$ cat data29.pdb   # PDB, C-alpha atoms
ATOM      1  CA  MET A  21     -10.261  15.396 -11.932  1.00  0.00           C
ATOM      2  CA  SER A  22      -8.228  12.745 -13.629  1.00  0.00           C
ATOM      3  CA  ALA A  23      -8.742   9.034 -12.974  1.00  0.00           C
ATOM      4  CA  ARG A  24      -5.455   8.972 -11.075  1.00  0.00           C
ATOM      5  CA  ASP A  25      -6.511  11.858  -8.827  1.00  0.00           C
ATOM      6  CA  GLU A  26      -9.722  10.015  -8.022  1.00  0.00           C
ATOM      7  CA  ASN A  27      -7.752   6.832  -7.272  1.00  0.00           C
ATOM      8  CA  ARG A  28      -9.457   4.956 -10.117  1.00  0.00           C
ATOM      9  CA  HIS A  29      -6.423   4.447 -12.365  1.00  0.00           C
ATOM     10  CA  LEU A  30      -5.928   0.823 -11.305  1.00  0.00           C
ATOM     11  CA  ASP A  31      -9.575   0.017 -10.414  1.00  0.00           C
ATOM     12  CA  ILE A  32      -8.472  -1.748  -7.234  1.00  0.00           C
ATOM     13  CA  LYS A  33     -11.761  -1.123  -5.432  1.00  0.00           C
ATOM     14  CA  LYS A  34     -13.702  -3.079  -8.075  1.00  0.00           C
ATOM     15  CA  GLU A  35     -11.841  -6.287  -7.314  1.00  0.00           C
ATOM     16  CA  ILE A  36     -12.397  -7.700  -3.844  1.00  0.00           C
ATOM     17  CA  ASN A  37      -9.884 -10.537  -4.124  1.00  0.00           C
ATOM     18  CA  PHE A  38      -7.116  -8.596  -5.836  1.00  0.00           C
ATOM     19  CA  ARG A  39      -3.665  -9.987  -4.991  1.00  0.00           C
ATOM     20  CA  MET A  40      -0.529  -7.884  -4.758  1.00  0.00           C
ATOM     21  CA  SER A  41       1.032  -9.996  -7.491  1.00  0.00           C
ATOM     22  CA  ALA A  42      -1.739  -8.979  -9.902  1.00  0.00           C
ATOM     23  CA  LEU A  43      -1.365  -5.333  -8.884  1.00  0.00           C
ATOM     24  CA  ILE A  44       2.382  -5.515  -9.508  1.00  0.00           C
ATOM     25  CA  ASP A  45       1.772  -7.052 -12.942  1.00  0.00           C
ATOM     26  CA  ARG A  46      -0.708  -4.335 -13.843  1.00  0.00           C
ATOM     27  CA  TYR A  47       1.572  -1.574 -12.567  1.00  0.00           C
ATOM     28  CA  TRP A  48       4.465  -3.025 -14.594  1.00  0.00           C
ATOM     29  CA  ALA A  49       2.410  -3.225 -17.782  1.00  0.00           C
ATOM     30  CA  GLU A  50       0.845   0.223 -17.503  1.00  0.00           C
ATOM     31  CA  TYR A  51       3.622   2.329 -15.973  1.00  0.00           C
ATOM     32  CA  ALA A  52       6.935   0.835 -14.905  1.00  0.00           C
ATOM     33  CA  SER A  53       7.826  -0.908 -18.174  1.00  0.00           C
ATOM     34  CA  LYS A  54       7.754   2.471 -19.925  1.00  0.00           C
ATOM     35  CA  LYS A  55      10.119   4.227 -17.514  1.00  0.00           C
ATOM     36  CA  LYS A  56      13.772   4.891 -18.238  1.00  0.00           C
ATOM     37  CA  SER A  57      14.575   3.303 -14.877  1.00  0.00           C
ATOM     38  CA  GLN A  58      12.668   0.099 -15.657  1.00  0.00           C
ATOM     39  CA  ASP A  59      15.574  -2.177 -14.699  1.00  0.00           C
ATOM     40  CA  ARG A  60      15.718  -0.766 -11.180  1.00  0.00           C
ATOM     41  CA  GLU A  61      11.931  -0.656 -11.011  1.00  0.00           C
ATOM     42  CA  LYS A  62      11.683  -4.343 -11.948  1.00  0.00           C
ATOM     43  CA  SER A  63      14.184  -5.261  -9.250  1.00  0.00           C
ATOM     44  CA  VAL A  64      12.194  -3.417  -6.587  1.00  0.00           C
ATOM     45  CA  LEU A  65       8.903  -4.905  -7.782  1.00  0.00           C
ATOM     46  CA  GLU A  66      10.309  -8.430  -7.637  1.00  0.00           C
ATOM     47  CA  ARG A  67      11.427  -7.835  -4.045  1.00  0.00           C
ATOM     48  CA  ILE A  68       7.930  -6.682  -3.183  1.00  0.00           C
ATOM     49  CA  ARG A  69       6.398  -9.657  -5.021  1.00  0.00           C
ATOM     50  CA  ALA A  70       8.595 -12.134  -3.127  1.00  0.00           C
ATOM     51  CA  GLU A  71       7.418 -10.826   0.252  1.00  0.00           C
ATOM     52  CA  MET A  72       3.849  -9.667  -0.397  1.00  0.00           C
ATOM     53  CA  GLY A  73       2.782 -11.171  -3.733  1.00  0.00           C
ATOM     54  CA  THR A  74       0.346 -13.691  -2.244  1.00  0.00           C
ATOM     55  CA  LEU A  75      -1.374 -11.158   0.031  1.00  0.00           C
ATOM     56  CA  PHE A  76      -4.592  -9.436  -0.923  1.00  0.00           C
ATOM     57  CA  VAL A  77      -4.160  -5.700  -1.539  1.00  0.00           C
ATOM     58  CA  ARG A  78      -6.539  -4.974   1.341  1.00  0.00           C
ATOM     59  CA  GLU A  79      -4.197  -6.860   3.698  1.00  0.00           C
ATOM     60  CA  VAL A  80      -1.175  -4.726   2.882  1.00  0.00           C
ATOM     61  CA  GLY A  81      -1.010  -1.804   5.248  1.00  0.00           C
ATOM     62  CA  GLY A  82       1.666   0.197   6.958  1.00  0.00           C
ATOM     63  CA  VAL A  83       2.684  -2.588   9.337  1.00  0.00           C
ATOM     64  CA  VAL A  84       3.206  -5.107   6.515  1.00  0.00           C
ATOM     65  CA  VAL A  85       5.152  -2.629   4.395  1.00  0.00           C
ATOM     66  CA  ASP A  86       7.277  -1.584   7.368  1.00  0.00           C
ATOM     67  CA  HIS A  87       8.035  -5.239   8.179  1.00  0.00           C
ATOM     68  CA  TRP A  88       9.111  -5.852   4.563  1.00  0.00           C
ATOM     69  CA  TYR A  89      11.215  -2.691   4.500  1.00  0.00           C
ATOM     70  CA  GLN A  90      12.947  -3.395   7.813  1.00  0.00           C
ATOM     71  CA  GLY A  91      13.723  -6.948   6.725  1.00  0.00           C
ATOM     72  CA  LEU A  92      15.072  -5.717   3.410  1.00  0.00           C
ATOM     73  CA  THR A  93      17.420  -3.156   4.913  1.00  0.00           C
ATOM     74  CA  ALA A  94      18.563  -5.494   7.715  1.00  0.00           C
ATOM     75  CA  ALA A  95      19.225  -8.444   5.407  1.00  0.00           C
ATOM     76  CA  SER A  96      21.185  -6.404   2.890  1.00  0.00           C
ATOM     77  CA  GLY A  97      23.111  -4.299   5.370  1.00  0.00           C
ATOM     78  CA  LEU A  98      22.611  -1.380   3.000  1.00  0.00           C
ATOM     79  CA  SER A  99      20.982   1.962   3.486  1.00  0.00           C
ATOM     80  CA  PRO A 100      17.693   2.642   1.662  1.00  0.00           C
ATOM     81  CA  GLU A 101      19.526   5.083  -0.618  1.00  0.00           C
ATOM     82  CA  ARG A 102      21.849   2.323  -1.850  1.00  0.00           C
ATOM     83  CA  LEU A 103      19.005  -0.180  -2.249  1.00  0.00           C
ATOM     84  CA  PHE A 104      16.708   2.048  -4.270  1.00  0.00           C
ATOM     85  CA  GLY A 105      19.011   4.733  -5.576  1.00  0.00           C
ATOM     86  CA  THR A 106      17.047   7.529  -3.976  1.00  0.00           C
ATOM     87  CA  SER A 107      16.765   9.252  -0.661  1.00  0.00           C
ATOM     88  CA  THR A 108      13.813   8.284   1.519  1.00  0.00           C
ATOM     89  CA  SER A 109      13.969  11.385   3.671  1.00  0.00           C
ATOM     90  CA  CYS A 110      11.077  13.785   3.353  1.00  0.00           C
ATOM     91  CA  THR A 111      11.594  17.497   3.030  1.00  0.00           C
ATOM     92  CA  THR A 112       8.958  20.154   2.797  1.00  0.00           C
TER      93      THR A 112
END
$ encode --input "data29.pdb" --output "structure tokens"
Amino acid sequence: MSARDENRHLDIKKEINFRMSALIDRYWAEYASKKKSQDREKSVLERIRAEMGTLFVREVGGVVVDHWYQGLTAASGLSPERLFGTSTSCTT
């Protein structure tokens, strides 16, 4: 198995007091900055940082993410597709 498959690629479990802001920085440095869509990615990451950057990673669960997402879509008056450029619907 690869490190990513084993959920070790960011070594989050090793750091008890790991803040979302630090995780965002690490994600940017290791992955997002190398993507063709890095401008859009940076915009999304900064929105996440503004709302959740001071929280510990362990504190960010589904309720926190849903609260951020609902606030984002309500404040902008835009659909998720227009905010992020992709569809959020799941198909199997």
$ axis_aligned_box --input "data29.pdb" --around "stretch 48-53 of chain A" --padding-each-side "8 Å" --output "lines of an AutoDock Vina configuration file"
center_x = 4.3
center_y = -0.4
center_z = -16.4
size_x = 23.0
size_y = 21.6
size_z = 19.6
$ resolve_selection --input "data29.pdb" --expression "the PyMOL selection byres ((chain A and resi 75-88) around 9)" --output "VMD selection string"
chain A and resid 32 36 to 41 43 68 71 to 74 89 to 93
$ atom_distance --input "data29.pdb" --atom1 "atom CA of A:Ser57" --atom2 "atom CA of A:Ala70"
20.3 Å
$ atom_distance --input "data29.pdb" --atom1 "atom CA of A:Lys55" --atom2 "atom CA of A:Gly97"
27.7 Å
$ residues_around --input "data29.pdb" --residues "A:Ser53" --least-positions-apart "6" --cutoff "12 Å" --atoms "all atoms listed in the file" --output "PyMOL selection string"
chain A and resi 44-47+59-63+65
$ build_atoms --input "data29.pdb" --residues "stretch 55-76 of chain A" --atoms "N, CA and C atoms" --output "CSV table (one decimal), in the frame of the given file"
chain,number,residue,atom,x,y,z
A,55,LYS,N,9.2,3.3,-18.1
A,55,LYS,CA,10.1,4.2,-17.5
A,55,LYS,C,11.6,4.0,-17.9
A,56,LYS,N,12.3,5.0,-17.9
A,56,LYS,CA,13.8,4.9,-18.2
A,56,LYS,C,14.5,4.0,-17.2
A,57,SER,N,14.0,4.1,-16.0
A,57,SER,CA,14.6,3.3,-14.9
A,57,SER,C,13.9,1.9,-14.7
A,58,GLN,N,13.4,1.3,-15.8
A,58,GLN,CA,12.7,0.1,-15.7
A,58,GLN,C,13.5,-1.1,-15.1
A,59,ASP,N,14.8,-1.1,-15.3
A,59,ASP,CA,15.6,-2.2,-14.7
A,59,ASP,C,15.6,-2.1,-13.2
A,60,ARG,N,15.8,-0.9,-12.6
A,60,ARG,CA,15.7,-0.8,-11.2
A,60,ARG,C,14.3,-1.0,-10.7
A,61,GLU,N,13.3,-0.5,-11.4
A,61,GLU,CA,11.9,-0.7,-11.0
A,61,GLU,C,11.6,-2.1,-10.9
A,62,LYS,N,12.0,-2.9,-11.9
A,62,LYS,CA,11.7,-4.3,-11.9
A,62,LYS,C,12.3,-5.1,-10.7
A,63,SER,N,13.5,-4.7,-10.4
A,63,SER,CA,14.2,-5.3,-9.2
A,63,SER,C,13.4,-5.0,-8.0
A,64,VAL,N,13.0,-3.8,-7.8
A,64,VAL,CA,12.2,-3.4,-6.6
A,64,VAL,C,10.9,-4.2,-6.6
A,65,LEU,N,10.2,-4.2,-7.7
A,65,LEU,CA,8.9,-4.9,-7.8
A,65,LEU,C,9.0,-6.4,-7.5
A,66,GLU,N,10.1,-7.0,-7.9
A,66,GLU,CA,10.3,-8.4,-7.6
A,66,GLU,C,10.6,-8.7,-6.2
A,67,ARG,N,11.2,-7.7,-5.5
A,67,ARG,CA,11.4,-7.8,-4.0
A,67,ARG,C,10.1,-7.7,-3.3
A,68,ILE,N,9.3,-6.8,-3.8
A,68,ILE,CA,7.9,-6.7,-3.2
A,68,ILE,C,7.1,-7.9,-3.4
A,69,ARG,N,7.2,-8.5,-4.7
A,69,ARG,CA,6.4,-9.7,-5.0
A,69,ARG,C,6.8,-10.9,-4.2
A,70,ALA,N,8.1,-11.0,-3.9
A,70,ALA,CA,8.6,-12.1,-3.1
A,70,ALA,C,8.0,-12.1,-1.7
A,71,GLU,N,7.9,-10.9,-1.1
A,71,GLU,CA,7.4,-10.8,0.3
A,71,GLU,C,5.9,-10.7,0.4
A,72,MET,N,5.3,-10.0,-0.6
A,72,MET,CA,3.8,-9.7,-0.4
A,72,MET,C,3.0,-10.1,-1.5
A,73,GLY,N,3.5,-10.8,-2.5
A,73,GLY,CA,2.8,-11.2,-3.7
A,73,GLY,C,1.5,-12.0,-3.5
A,74,THR,N,1.5,-12.8,-2.5
A,74,THR,CA,0.3,-13.7,-2.2
A,74,THR,C,-0.7,-13.0,-1.4
A,75,LEU,N,-0.4,-11.9,-0.8
A,75,LEU,CA,-1.4,-11.2,0.0
A,75,LEU,C,-2.4,-10.4,-0.8
A,76,PHE,N,-3.6,-10.3,-0.3
A,76,PHE,CA,-4.6,-9.4,-0.9
A,76,PHE,C,-4.2,-8.0,-0.7
